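A quick write-up on the structure given underneath.
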Amino acid sequence: MKHHHHLQGGSEDPLFDPRRRIPESVIEDLCALPCRCLRAQRQLPWHLVVAASRQTRAGIRQAIASHLPASLPILHQASHLMVLCTRELADETGSPGLAMPCRGAASHACAGSHHVYIALGSLLLGAAVFELKTHTVETFDGGLLDDWLGLGEQGLTSRVVLALGYPPAGDDPDPLAHARLPQHLVMSRR
């Protein structure tokens, strides 16, 4: 199976059709992908929040507003917003701590962040298969977002916001092609 044609669509292009909503069945399929890509099902060091209400979406935009105001119109047009979070895991005794070792670091954030990006990669590839556009945001007021979503009480910390939506009608299949670096500058074969 060749995936190359899915990736040609510039899935990171941040323009969405605000009139089209992604069906919940597609969102459910996307949410299931990260769970299938990691083996440690009982100790997943990440959590995914799907922003279902307008109030939740407004809170996410508020947490991003002072750090990345250019993303606000993009997030407003998106069909769905998701927040990927790291989870504080318990050790064998049940006390909070690092349950999964991370090479070269003693912090849980390291292991959790790695797994957040594995989960994000699964979501991005799944979105491309469903011909959805995506936009990721990593610069935001994490404390404000965590408070807004009540993440602290659950032992969670927000790490990445993912916006999803359909492209506008007549959208250029790869509007960022002219801005991409040549492959030989970003990849080596040895």
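Ligands are numbered from 1 in the order shown, residues from 1 within each chain, and chains are lettered A, B, ... in the order they appear in the structure tokens.
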Who sits within 10 Å of range 149-160 of chain A, only C-alpha atoms, same chain under 3 positions skipped, as a PyMOL selection string: chain A and resi 45-49+51+56+59-60+82-89+96+109+112-113+116-117+120+136-146+163
Serialized selection, N, CA and C atoms, as a compact mmCIF listing (two decimals), in the first residue's frame:
```txt
# COMPACT_ATOMS: atom_id res chain seq x y z
N PRO A 45 1.28 7.02 28.71
CA PRO A 45 1.69 8.26 29.36
C PRO A 45 1.11 9.50 28.70
N TRP A 46 0.02 9.35 27.97
CA TRP A 46 -0.59 10.49 27.30
C TRP A 46 -2.10 10.35 27.39
N HIS A 47 -2.77 11.44 27.11
CA HIS A 47 -4.23 11.48 27.15
C HIS A 47 -4.67 12.44 26.05
N LEU A 48 -5.80 12.17 25.43
CA LEU A 48 -6.31 13.00 24.34
C LEU A 48 -7.65 13.61 24.76
N VAL A 49 -7.74 14.93 24.69
CA VAL A 49 -8.99 15.64 24.97
C VAL A 49 -9.56 16.14 23.65
N ALA A 51 -12.14 18.57 22.07
CA ALA A 51 -12.94 19.74 22.46
C ALA A 51 -14.27 19.68 21.73
N THR A 56 -15.38 25.01 25.42
CA THR A 56 -14.05 24.39 25.50
C THR A 56 -13.15 24.91 24.39
N GLY A 59 -11.93 28.32 25.25
CA GLY A 59 -10.87 28.27 26.25
C GLY A 59 -9.53 27.92 25.65
N ILE A 60 -9.53 27.01 24.70
CA ILE A 60 -8.29 26.63 24.02
C ILE A 60 -7.75 27.83 23.24
N MET A 82 -8.24 19.16 19.27
CA MET A 82 -7.83 18.11 20.20
C MET A 82 -6.62 18.62 20.97
N VAL A 83 -6.54 18.23 22.23
CA VAL A 83 -5.39 18.58 23.07
C VAL A 83 -4.73 17.28 23.50
N LEU A 84 -3.46 17.12 23.14
CA LEU A 84 -2.70 15.95 23.57
C LEU A 84 -1.96 16.32 24.84
N CYS A 85 -2.07 15.47 25.85
CA CYS A 85 -1.51 15.74 27.18
C CYS A 85 -0.61 14.61 27.63
N THR A 86 0.33 14.95 28.50
CA THR A 86 1.10 13.92 29.18
C THR A 86 0.39 13.60 30.49
N ARG A 87 0.58 12.38 30.95
CA ARG A 87 -0.06 11.90 32.18
C ARG A 87 1.01 11.57 33.21
N GLU A 88 0.78 11.97 34.44
CA GLU A 88 1.67 11.57 35.52
C GLU A 88 1.33 10.14 35.89
N LEU A 89 2.28 9.25 35.72
CA LEU A 89 2.04 7.82 35.96
C LEU A 89 2.44 7.44 37.37
N PRO A 96 2.68 8.56 42.65
CA PRO A 96 2.99 9.21 41.37
C PRO A 96 4.49 9.20 41.10
N ALA A 109 8.29 13.85 32.07
CA ALA A 109 7.93 14.65 30.90
C ALA A 109 8.61 14.13 29.64
N GLY A 112 6.70 10.90 28.56
CA GLY A 112 5.36 11.30 28.13
C GLY A 112 5.38 12.08 26.84
N SER A 113 6.32 13.00 26.70
CA SER A 113 6.39 13.81 25.49
C SER A 113 6.70 12.95 24.27
N VAL A 116 3.51 11.33 23.35
CA VAL A 116 2.57 12.31 22.79
C VAL A 116 2.85 12.48 21.31
N TYR A 117 4.12 12.55 20.93
CA TYR A 117 4.44 12.77 19.52
C TYR A 117 4.23 11.51 18.69
N LEU A 120 0.55 11.84 18.19
CA LEU A 120 0.31 12.90 17.22
C LEU A 120 0.59 12.43 15.80
N THR A 136 -1.06 22.17 13.86
CA THR A 136 -0.62 21.90 15.22
C THR A 136 -0.10 23.16 15.88
N VAL A 137 -0.34 23.28 17.18
CA VAL A 137 0.12 24.43 17.96
C VAL A 137 0.79 23.89 19.22
N GLU A 138 2.03 24.32 19.44
CA GLU A 138 2.76 23.91 20.64
C GLU A 138 3.09 25.09 21.54
N THR A 139 2.81 26.30 21.08
CA THR A 139 3.11 27.50 21.84
C THR A 139 1.81 28.07 22.39
N PHE A 140 1.59 27.91 23.69
CA PHE A 140 0.38 28.41 24.33
C PHE A 140 0.61 28.50 25.83
N ASP A 141 -0.32 29.11 26.53
CA ASP A 141 -0.26 29.23 27.98
C ASP A 141 -0.75 27.92 28.58
N GLY A 142 0.19 27.02 28.86
CA GLY A 142 -0.15 25.69 29.36
C GLY A 142 -0.89 25.71 30.68
N GLY A 143 -0.49 26.61 31.58
CA GLY A 143 -1.18 26.70 32.88
C GLY A 143 -2.63 27.09 32.71
N LEU A 144 -2.89 28.07 31.85
CA LEU A 144 -4.26 28.51 31.60
C LEU A 144 -5.08 27.40 30.96
N LEU A 145 -4.50 26.73 29.98
CA LEU A 145 -5.22 25.65 29.30
C LEU A 145 -5.49 24.48 30.26
N ASP A 146 -4.49 24.12 31.05
CA ASP A 146 -4.67 23.03 32.01
C ASP A 146 -5.77 23.36 33.01
N ALA A 163 -5.65 21.00 15.45
CA ALA A 163 -6.89 21.42 14.80
C ALA A 163 -7.09 20.57 13.55
```
Shortest interatomic distance to Val26 in chain A - which of A:His135, A:Arg61, A:His114, A:His80, counting only C-alpha atoms: A:His80
Nearest-residue call for Phe130 in chain A, choices A:Pro73, A:Pro34, A:Gly170, A:Pro23, using only C-alpha atoms: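 Among the listed residues, A:Pro23 lies closest to Phe130 in chain A.
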For Arg19 in chain A, the nearest of the candidates A:His76, A:Arg36, A:Arg54, A:His67, counting only C-alpha atoms: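 The closest residue to Arg19 in chain A is A:His76.
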Surrounding residues of Ile27 in chain A excluding itself and chain neighbours under 2 positions, 10 Å, only C-alpha atoms, as number ranges by chain: A: 22-25, 29-32, 50, 80, 123, 126-127, 164
Between CA of Leu132 in chain A and CA of Leu15 in chain A, distance in Å (one decimal):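 For CA of Leu132 in chain A relative to CA of Leu15 in chain A, the distance reads 10.4 Å.
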Atomic distance CA of Asp147 in chain A - CA of Val161 in chain A, expressed in Å with one decimal: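 Pair CA of Asp147 in chain A / CA of Val161 in chain A returns 15.1 Å.
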CA of Tyr166 in chain A to CA of Ala65 in chain A, straight-line distance in Å: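 Taking CA of Ala65 in chain A and CA of Tyr166 in chain A, their separation equals 23.0 Å.
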